[in-house]
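Single-structure report; data block below.
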Amino acid sequence: MPSMSMIEAINSAMDVALARDPDVMIFGQDVGFFGGVFRATEHLQQRYGKQRVFDAPISEGGIIATAIGMGAYGKRPVVEIQFADYIYPATDQIVSEAARLRYRTGGEWWSPITIRSPYGGGIYGGQTHSQSPEGIFTHVAGLKTVIPSNPYDAKGLLIAAIEDDDPVLFFEPKRLYNGPFDGHHDRPVQSWAGHVDAEVPAEHYAVPLGKARTVRAGDEITILAYGTMVHVALCAAQESGIDADIIDLRTLIPLDLDAIVESVSRTGRCVIVHEATRTSGFGAELAALVQEHCFFALEAPIERVTGWDTPYPHAFEWEYFPGPQRVGEALKRVVSI
Amino acid sequence: MPSMSMIEAINSAMDVALARDPDVMIFGQDVGFFGGVFRATEHLQQRYGKQRVFDAPISEGGIIATAIGMGAYGKRPVVEIQFADYIYPATDQIVSEAARLRYRTGGEWWSPITIRSPYGGGIYGGQTHSQSPEGIFTHVAGLKTVIPSNPYDAKGLLIAAIEDDDPVLFFEPKRLYNGPFDGHHDRPVQSWAGHVDAEVPAEHYAVPLGKARTVRAGDEITILAYGTMVHVALCAAQESGIDADIIDLRTLIPLDLDAIVESVSRTGRCVIVHEATRTSGFGAELAALVQEHCFFALEAPIERVTGWDTPYPHAFEWEYFPGPQRVGEALKRVVSI
Amino acid sequence: MIRNSTGLHIPEPAHRPGEQPDFSHITVPPAGSVGRPPVDVDPRAIRDCAFQMIRVLDDDGKVCGQWDPGLSAAELVAGLRAMMLTRAYDTRMVRVQRQGKTSFYMKSTGEEAVAVAAAMALRRDDMCFPTYRQQGILIARDWPLVEMMNQVYSNSRDRLKGRQMPIMYSSREAGFFSISGNLGTQYSQAVGWAMAAAADGNDRLSAAWIGEGATAEGDFHYALTFASVYQAPCILNIVNNQWAISSFSGIAGGEVTTFAARGLGFGIPSLRVDGNDFLAVHAVTSWAAERARSGLGPTLIELFTYRVEGHSTSDDPTRYRPASEASVWPLGDPIERLKQHLIVSGHWSEDRHEALRKELDEEVRAAGKLSESYGTLKEGDRWPAATMFDDVYREMPPHLRAQRRQAGV
Amino acid sequence: MIRNSTGLHIPEPAHRPGEQPDFSHITVPPAGSVGRPPVDVDPRAIRDCAFQMIRVLDDDGKVCGQWDPGLSAAELVAGLRAMMLTRAYDTRMVRVQRQGKTSFYMKSTGEEAVAVAAAMALRRDDMCFPTYRQQGILIARDWPLVEMMNQVYSNSRDRLKGRQMPIMYSSREAGFFSISGNLGTQYSQAVGWAMAAAADGNDRLSAAWIGEGATAEGDFHYALTFASVYQAPCILNIVNNQWAISSFSGIAGGEVTTFAARGLGFGIPSLRVDGNDFLAVHAVTSWAAERARSGLGPTLIELFTYRVEGHSTSDDPTRYRPASEASVWPLGDPIERLKQHLIVSGHWSEDRHEALRKELDEEVRAAGKLSESYGTLKEGDRWPAATMFDDVYREMPPHLRAQRRQAGV
Ligand SMILES: Cc1ncc(C[n+]2csc(CCOP(=O)(O)OP(=O)(O)O)c2C)c(N)n1
Ligand SMILES: Cc1ncc(C[n+]2csc(CCOP(=O)(O)OP(=O)(O)O)c2C)c(N)n1
Ligand SMILES: [Mg+2]
Ligand SMILES: [Mg+2]
């Protein structure tokens, strides 16, 4: 099985999708000849032609709008928003249109579109290249939100997202593109080579949407995480010596509530980790659900370890980033109650 | 003291603001000569001139963008988004610009703008005239979100919002414009006349942002609500005979967490009510905070009674609307645990 | 050119309630005064068309100039019929709304040609992306009135399952894309549809409509940008009916230029047409369609017309414009003008017109009765409430199944 | 006119890596060929200006035609100095970025006239709303280099408290509005600023810049719409430097028309200018400024130029365009052209030029040393981490106070 970095796995997913389904069309800023600023679409235009993989104007709203129109025609568009921070100009088309088209037409039309976008911090991108806006979209009925944490999942989930007939937001943790990252920014960068989750089949496969994955089995406490934070959580558990059950959600909507409830009912404790600002982040929904479904099993308040409620500050990104130390402290606090 | 409907109180707030501060400018679709589709700005153009109260193109993004520019110049713009459902085209300017301008400039510039918008259902407005998008904006650091439930608060909070130097989203429960509404849609409509909270001073006053208000004191359970749902909660408490402590949040951000914690610590039970879709709504944040701060006082899981996770359906709006029956059932469930 | 002598310039309409309506600032060029260029004309050569007005029917109902679409009498009568049916339908729907049988309605009175003539100039497999004021397209395409009414009533046979406000029709079969309550969004989507058709190498096209007011939205700009960049086979119609609720077209930027001119900045051929002239609308739509099908890219069309009625049943236009404005509108009524043309050309008579009117009223009445038998908004049958949880996603995810249970429906 | 013979049309640049760069498709009209209309000209009379190119300096460095701004030698030398200082500054900043002292940098090489000449044609109390490639404005306005560097280093003296990525300067004092990472947003904000100035009845104006790539954003459309409707006193500059990261200007809609043409649809006077011609940029900016101050409303200016370097330090342009493209760019280099003009007009020499270059390098070096003494991104002083919680709101709300405590900073 070939070893792939996350960016290679994402590229491979689109390659497979383009090859299997002539209706797949890929476009976005710089994704054509150049292959994307993160190289996610490298070689795809050369391989599948300009009419199926092409550059788009700098118009996120127009990109999503035309994708919806193509979807209505019968295509299966996969578009890239260059940074998740730049998805906001497309909010109306995503929220008012893609999300509601199937509902408002009683199923006559729908939006089988996939919106890929790198998200998250850790690359000194400042407040406009570091955001994690997933929480906003989880509030909107009709959208699915997917966030992979490793190459294998990235490819399988992206293929599932593309083949899904509902609009899917596929947020890619850019800090993981080229290697796993546990939050120790001062240590040498790691590569995906040799990582067990970097063994990625070259061919088609799907990781189903809506299924979480236990990345570490444990009994003392449950950690709910996704994307980059899965690696931070693993590191924090290891460093704190706390026997955590770590669930990589993989899909926020639809959520694998069963997996969460099973775990927290067993451990009685829960820490939720995400990089987005805290207030009204997806961690709030998770906390609300956990207390609702596991109330009598809970032995301590659920803690959220998240980005602060400020923009992502350029020079202070490591103070902002919820790194392994902060997560570890939360774990200790919660298990000691 | 004159008695005012909520729409009159809102009109009066802007009237007072225009009279006191020459930098206040008001614009939006149909707000000028016509006085707004809900009549919130009636007579204001006639009174203060076309240069201070005027119509804007149908361009929510442009409205917020130019308001930010005016704010940078030194004006204090108050703009109307005709329905909260139409705020999405302006998301980028609100989230990326208004919210972050002070932060990203180290305080050199800021956005003293107020964005008024009618929100909520109950007028057979279907999915594009009924939404409650407040939850989305509470996730964005730098924004304040205010929702009044009665004429007195509406005027005082709107004046406070206009005078505030931060960007404020001021969502107006349109179903309350002309009378209180307890969710019994099949009963005769009520008017504000004679309502104690409809006694509104004609002159200037402010209701401070960030302070909740107990609208009914009780010991059995805490209900957290805002906007229309305050009235529904009152009705549900009365009809179910449950001695609820009902808190009208008034301001979602900044939140009066002290008032919430005080109440839930006392009652040990909590129901949260909002009209927005449930998942990742502001109720999620409230639930997360309550379990975090009142964990050992809680005797039952916190319940959320909300709009369903679907668009707002035209013919089924009363099945969608979280009315007094649904709230009452939740109260009974939670107190019986 | 406008000078801001006293501060910020705020456009004002020529007249307000209580004043004498006056349209003398509107230049109406004679019918036939604009030439018809070949469809493969260099767009740069016809920039002037954005500032002129293509008119075919003169004041006497005679056909003038190169833009005569050369339609048969039968085609013209079909057009007249569809416009009259649209008007009869609108009339009844407002009445039932006033009776409380539904929540809301919007008429297209005076603008029927915009929808009907365009629909007749297009192929049935072309996709329309309309606004809420082109019900005439469905009628011209013989979509059953009762289906339309079912939607307005949100009744048990409403294909949209009671989910949309009245008039937000959708019909894949009739090539009529789902109307959105959010202004403008359909415009840019239409371009995406056309891009897909082009990528498939077929000769279908998309046509989109937008109000002059909504051209201020970003989606309008996205549409023109993408249409221009990818030379998408689409027809971008701007319905300039002078009003956007209470705001006159100057608030949308129509004071210093035309809306057709918006296309010039994108190198898109842009035509301005008398929107109340059935023949002219048909002709320019055909011209644009031929361009699109020949792989020559998009065309922008401004349809100059007038919103005769209030914005919707929620609106009272006498609050912001003189009640008599409609009566002095210089471009007349599209139905009257086509009727006059048919009469002067010997294919029609007052009697046949009156007979048709009655027949159509009856058709509408019958459809109305049938539709009401399937329920109205507040009485009779509707979809089961449990269906409100369907179609949020293709398959219902667990959280919605749980909520449906909680709802007890 | 483009025919979609084989499906969807995707614009392609004239040449790709490995190919011979060729700009023969670009028409460069002779200097002096465009007349200078009076500032109160009817915008309709000068639509052609959107398709021509205003140029003052010819290939020999001589001034031609009516657009000569009539600047003194001292003014021209000041302009040359500011452009050279901008280039020297850019050079050093890329070097320190490569050394790891900061995270990112963006040069304006080849586009210095766009910023410097405009800034010199404006008043100091006019407000600029720039993109990230008009650092020349700050330099022309004598904003201290060390302040700019402090921002790039996010150091202890950074006025933006380490919160913004490098080059996102802000200076109220220098009339330089906070640069946003989100493309286009400043453009429509600038119009709001101008509207406010007009409402106050004063004669200040705003000037905004946008890249040709970013004109596809909705904010561009909002800006033109609001500027046109309210006749706002603003100058809307489009910097067409041919590239938007890896996408050539055709992907932004520049294949079939000019970017200046975008203004025509709004009735806004629209000029296209040789952006590498200091005199031409100064002249058109002055013309637009006079219009704005006289209450005549907005002006759109397309500055035709070329992005000589990569998009940013994160970019490698040889992946998508021939490395030698810059060397065959037909409009030359703005610094060389102004230098040549000063020499042929007897006010400058190679020696003085070389001496000035050295002096400016030294000035940049000294500022760099000073700034580095206040810290760089990864070494030395910066703001206390606790300040990252400041300025989210005017007053810190309780939840942020709690978070600051939790952060332990
Ligand atoms: C995004 C958005 N903003 C505002 C509205 C409210 N609204 C509905 S119709 C309308 C006026 C539209 O005018 P125009 O585009 O000229 O179309 P017309 O009604 O004249 O056909 C407005 C402001 C909306 N539906 N969507
Ligand atoms: C809303 C938004 N979308 C995308 C980006 C990413 N991005 C940054 S610069 C750039 C290219 C801009 O090109 P252009 O407008 O021509 O300006 P230039 O770099 O040539 O000066 C892109 C796509 C962004 N910053 N903001
Ligand atoms: Mg209109
Ligand atoms: Mg560029």
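A note on labels: chains of the structure tokens are A, B, ... as shown, every chain counts residues from 1, and ligands are counted from 1 in their shown order.
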**Message:** Please find the residues of chain D near chain A - the criterion being any atom within 7 Å, counting only C-alpha atoms - and write them as a ChimeraX atom specification.
**Reply:** /D:8,10,103,154,162-165,181-182,213-214,216-217,246-247,251-252,319-320,377,385,388-389,392,400,403
**Request:** List all protein, DNA and RNA residues that have any atom at most 6 Å from ligand 3, counting only C-alpha atoms and all ligand atoms, and write the list as a ChimeraX atom specification.
**Result:** /C:211-213,240-244
For the residues in that selection, give me N, CA and C atoms as a tab-separated table (two decimals), in the first residue's frame.
```
chain	number	residue	atom	x	y	z
C	211	GLY	N	-34.70	41.27	-10.80
C	211	GLY	CA	-35.29	42.61	-10.76
C	211	GLY	C	-34.20	43.66	-10.79
C	212	GLU	N	-34.52	44.85	-11.28
C	212	GLU	CA	-33.49	45.89	-11.32
C	212	GLU	C	-32.99	46.19	-9.91
C	213	GLY	N	-33.87	46.05	-8.93
C	213	GLY	CA	-33.44	46.31	-7.55
C	213	GLY	C	-32.37	45.33	-7.11
C	240	ASN	N	-36.42	45.54	-15.40
C	240	ASN	CA	-36.47	46.87	-14.80
C	240	ASN	C	-37.91	47.35	-14.81
C	241	ASN	N	-38.60	47.04	-13.71
C	241	ASN	CA	-39.99	47.49	-13.59
C	241	ASN	C	-40.11	48.76	-12.76
C	242	GLN	N	-39.01	49.47	-12.66
C	242	GLN	CA	-38.95	50.81	-12.06
C	242	GLN	C	-38.99	50.81	-10.53
C	243	TRP	N	-39.46	49.75	-9.91
C	243	TRP	CA	-39.63	49.77	-8.47
C	243	TRP	C	-39.08	48.50	-7.82
C	244	ALA	N	-38.55	48.66	-6.63
C	244	ALA	CA	-38.13	47.56	-5.77
C	244	ALA	C	-38.80	47.86	-4.43
```
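In this structure, CA of Gly71 in chain A sits 27.4 Å away from CA of Trp287 in chain C.
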**Asked** chain C residues within 6 Å of chain D, counting only C-alpha atoms: which ones, as a PyMOL selection string?
**Response** chain C and resi 1+3-4+7-10+42+198-199+201+218+229-230+253+256-257+261-262+265+267+295-296
**Prompt:** Any idea what's packed within 8 Å of Tyr374 in chain D, counting only C-alpha atoms, ignoring anything in its chain fewer than 3 positions away? Could you give it as a ChimeraX atom specification?
**Reply:** /D:150,155-157,370-371,380-382
**Fill in**
Here CA of Pro269 in chain C and CA of Cys49 in chain C stand apart by 8.4 Å
**Request:** Specify as a PyMOL selection string all residues of chain B found within 6 Å of chain A, counting only C-alpha atoms.
**Result:** chain B and resi 88-89+91-92+136+139+141+279-280+284-285+287-288+292+295+301+309-310
Could you dump the residues just selected with C-alpha atoms as an mmCIF file, in the first residue's frame?
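Produced file result_4.cif, reproduced below:
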```cif
data_model
loop_
_atom_site.group_PDB
_atom_site.id
_atom_site.type_symbol
_atom_site.label_atom_id
_atom_site.label_comp_id
_atom_site.auth_asym_id
_atom_site.auth_seq_id
_atom_site.Cartn_x
_atom_site.Cartn_y
_atom_site.Cartn_z
ATOM 1 C CA TYR B 88 -26.011 36.176 4.911
ATOM 2 C CA PRO B 89 -24.760 38.164 1.904
ATOM 3 C CA THR B 91 -21.564 37.761 6.522
ATOM 4 C CA ASP B 92 -18.074 38.506 5.314
ATOM 5 C CA ILE B 136 -23.992 32.085 14.157
ATOM 6 C CA HIS B 139 -19.576 32.418 17.637
ATOM 7 C CA ALA B 141 -15.447 37.242 18.659
ATOM 8 C CA THR B 279 -27.913 21.968 16.636
ATOM 9 C CA SER B 280 -25.191 24.492 17.441
ATOM 10 C CA ALA B 284 -25.897 24.717 23.013
ATOM 11 C CA GLU B 285 -23.583 27.353 24.424
ATOM 12 C CA ALA B 287 -26.193 24.318 28.091
ATOM 13 C CA ALA B 288 -22.430 23.975 27.948
ATOM 14 C CA GLU B 292 -19.810 23.765 33.464
ATOM 15 C CA PHE B 295 -22.617 20.913 37.562
ATOM 16 C CA PRO B 301 -30.151 17.109 32.409
ATOM 17 C CA ASP B 309 -33.161 21.062 12.574
ATOM 18 C CA THR B 310 -35.037 21.774 9.377
#
```
**Message:** I'd like to know which residues of range 97-145 of chain A are alpha helix (DSSP H) (by DSSP, run on the backbone); could you write them as a list in words?
**Reply:** Leu101, Arg102, Tyr103, Arg104, Glu134, Gly135, Ile136, Phe137 and Thr138 of chain A
Atoms to include: N, CA, C and O atoms. Write the selected residues as a PDB file, in the first residue's frame.
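Saved to out.pdb:
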```
ATOM      1  N   LEU A 101     -31.968  23.598  -0.841  1.00  0.00           N
ATOM      2  CA  LEU A 101     -32.555  23.345  -2.154  1.00  0.00           C
ATOM      3  C   LEU A 101     -33.397  22.074  -2.161  1.00  0.00           C
ATOM      4  O   LEU A 101     -34.527  22.056  -2.674  1.00  0.00           O
ATOM      5  N   ARG A 102     -32.876  21.022  -1.585  1.00  0.00           N
ATOM      6  CA  ARG A 102     -33.633  19.766  -1.571  1.00  0.00           C
ATOM      7  C   ARG A 102     -34.929  19.940  -0.777  1.00  0.00           C
ATOM      8  O   ARG A 102     -36.003  19.519  -1.219  1.00  0.00           O
ATOM      9  N   TYR A 103     -34.809  20.577   0.358  1.00  0.00           N
ATOM     10  CA  TYR A 103     -35.986  20.741   1.215  1.00  0.00           C
ATOM     11  C   TYR A 103     -37.047  21.607   0.550  1.00  0.00           C
ATOM     12  O   TYR A 103     -38.220  21.252   0.479  1.00  0.00           O
ATOM     13  N   ARG A 104     -36.585  22.735   0.036  1.00  0.00           N
ATOM     14  CA  ARG A 104     -37.587  23.679  -0.457  1.00  0.00           C
ATOM     15  C   ARG A 104     -38.253  23.207  -1.741  1.00  0.00           C
ATOM     16  O   ARG A 104     -39.295  23.728  -2.122  1.00  0.00           O
ATOM     17  N   GLU A 134     -16.060  25.779  11.228  1.00  0.00           N
ATOM     18  CA  GLU A 134     -16.986  24.647  11.086  1.00  0.00           C
ATOM     19  C   GLU A 134     -18.248  24.813  11.925  1.00  0.00           C
ATOM     20  O   GLU A 134     -19.339  24.407  11.498  1.00  0.00           O
ATOM     21  N   GLY A 135     -18.097  25.398  13.106  1.00  0.00           N
ATOM     22  CA  GLY A 135     -19.250  25.497  14.013  1.00  0.00           C
ATOM     23  C   GLY A 135     -20.427  26.199  13.372  1.00  0.00           C
ATOM     24  O   GLY A 135     -21.592  25.809  13.549  1.00  0.00           O
ATOM     25  N   ILE A 136     -20.135  27.236  12.621  1.00  0.00           N
ATOM     26  CA  ILE A 136     -21.200  28.006  11.979  1.00  0.00           C
ATOM     27  C   ILE A 136     -22.043  27.117  11.084  1.00  0.00           C
ATOM     28  O   ILE A 136     -23.272  27.174  11.093  1.00  0.00           O
ATOM     29  N   PHE A 137     -21.382  26.274  10.321  1.00  0.00           N
ATOM     30  CA  PHE A 137     -22.123  25.485   9.334  1.00  0.00           C
ATOM     31  C   PHE A 137     -22.875  24.324   9.971  1.00  0.00           C
ATOM     32  O   PHE A 137     -23.866  23.857   9.425  1.00  0.00           O
ATOM     33  N   THR A 138     -22.409  23.891  11.143  1.00  0.00           N
ATOM     34  CA  THR A 138     -23.140  22.812  11.808  1.00  0.00           C
ATOM     35  C   THR A 138     -24.498  23.290  12.303  1.00  0.00           C
ATOM     36  O   THR A 138     -25.363  22.477  12.613  1.00  0.00           O
TER      37      THR A 138
END
```
**Item:** Shell around Val168 in chain A at 12 Å using only C-alpha atoms, local window under 5 positions removed, as a PyMOL selection string
**Value:** (chain A and resi 64+76-80+94-95+98-99+110-117+134+137-138+140-147+157-163+209-210+251-254) or (chain C and resi 393)
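Nearest to ligand 1 of all the residues A:Glu172, A:Asp256, A:Glu97, A:Glu262 is A:Glu97, counting only C-alpha atoms and all ligand atoms.
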**Asked** Could you state the separation of atom 1 (C, counted along the ligand's line) of ligand 2 and CA of Met93 in chain D in Å, given to one decimal place?
**Response**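 So the two atoms, atom 1 (C, counted along the ligand's line) of ligand 2 and CA of Met93 in chain D, lie 24.8 Å apart.
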**Asked** For ligand 1, which residue among C:Val191, C:Cys128, C:Met149, C:Val114 is the nearest when counting only C-alpha atoms and all ligand atoms?
**Response**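 Looking only at the distances to ligand 1, the closest residue turns out to be C:Val114.
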**Request:** Would you please give, as a count of residues only, all residues of range 35-173 of chain A that DSSP assigns to strand (DSSP E) based on the backbone?
**Result:** 23
**Request:** For Thr285 in chain D, list every protein, DNA or RNA residue within 7 Å, evaluated using only C-alpha atoms, and leave out those in the same chain fewer than 4 positions away; present the list as a VMD selection string.
**Result:** chain D and resid 118 121 281 289
Same residues, C-alpha atoms, saved as a PDB file, in the first residue's frame:
```pdb
ATOM      1  CA  ALA D 118      -1.383  58.325  -6.435  1.00  0.00           C
ATOM      2  CA  ALA D 121      -1.593  63.392  -6.056  1.00  0.00           C
ATOM      3  CA  VAL D 281      -0.784  57.910 -12.719  1.00  0.00           C
ATOM      4  CA  ALA D 289      -9.486  63.956  -7.081  1.00  0.00           C
TER       5      ALA D 289
END
```
**Asked** Quick one: residues within 10 Å of Met148 in chain C, only C-alpha atoms counted, chain neighbours fewer than 2 positions away excluded, as a list of chain:residue names?
**Response**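 Contacts, in chain order: C:Tyr89, C:Gln135, C:Leu138, C:Ile139, C:Trp143, C:Pro144, C:Leu145, C:Val146, C:Asn150, C:Gln151, C:Val152, C:Tyr153, C:Ser154, C:Asp158, C:Arg159, C:Pro166, C:Ile167, C:Met168, C:Tyr169, C:Ser170, C:Ser171, C:Ala367, C:Gly368, C:Ser371.
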**Request:** Have a look at B:Ser130, B:Ser149, B:Asn11, B:Thr66 and name the one nearest to ligand 1; count only C-alpha atoms and all ligand atoms.
**Result:** B:Ser130
**Request:** Write out as a list in words the residues lying within 10 Å of Asp126 in chain C, counting only C-alpha atoms and excluding same-chain residues fewer than 2 positions away.
**Result:**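 Near Asp126 in chain C, the qualifying residues are Ala119, Leu122, Arg123, Arg124, Cys128, Phe129, Ala174, Gly175, Phe176, Ala194, Ala197, Asp203, Arg204, Leu205, Ser206, Ala207, Cys234 and Ala289 of chain C.
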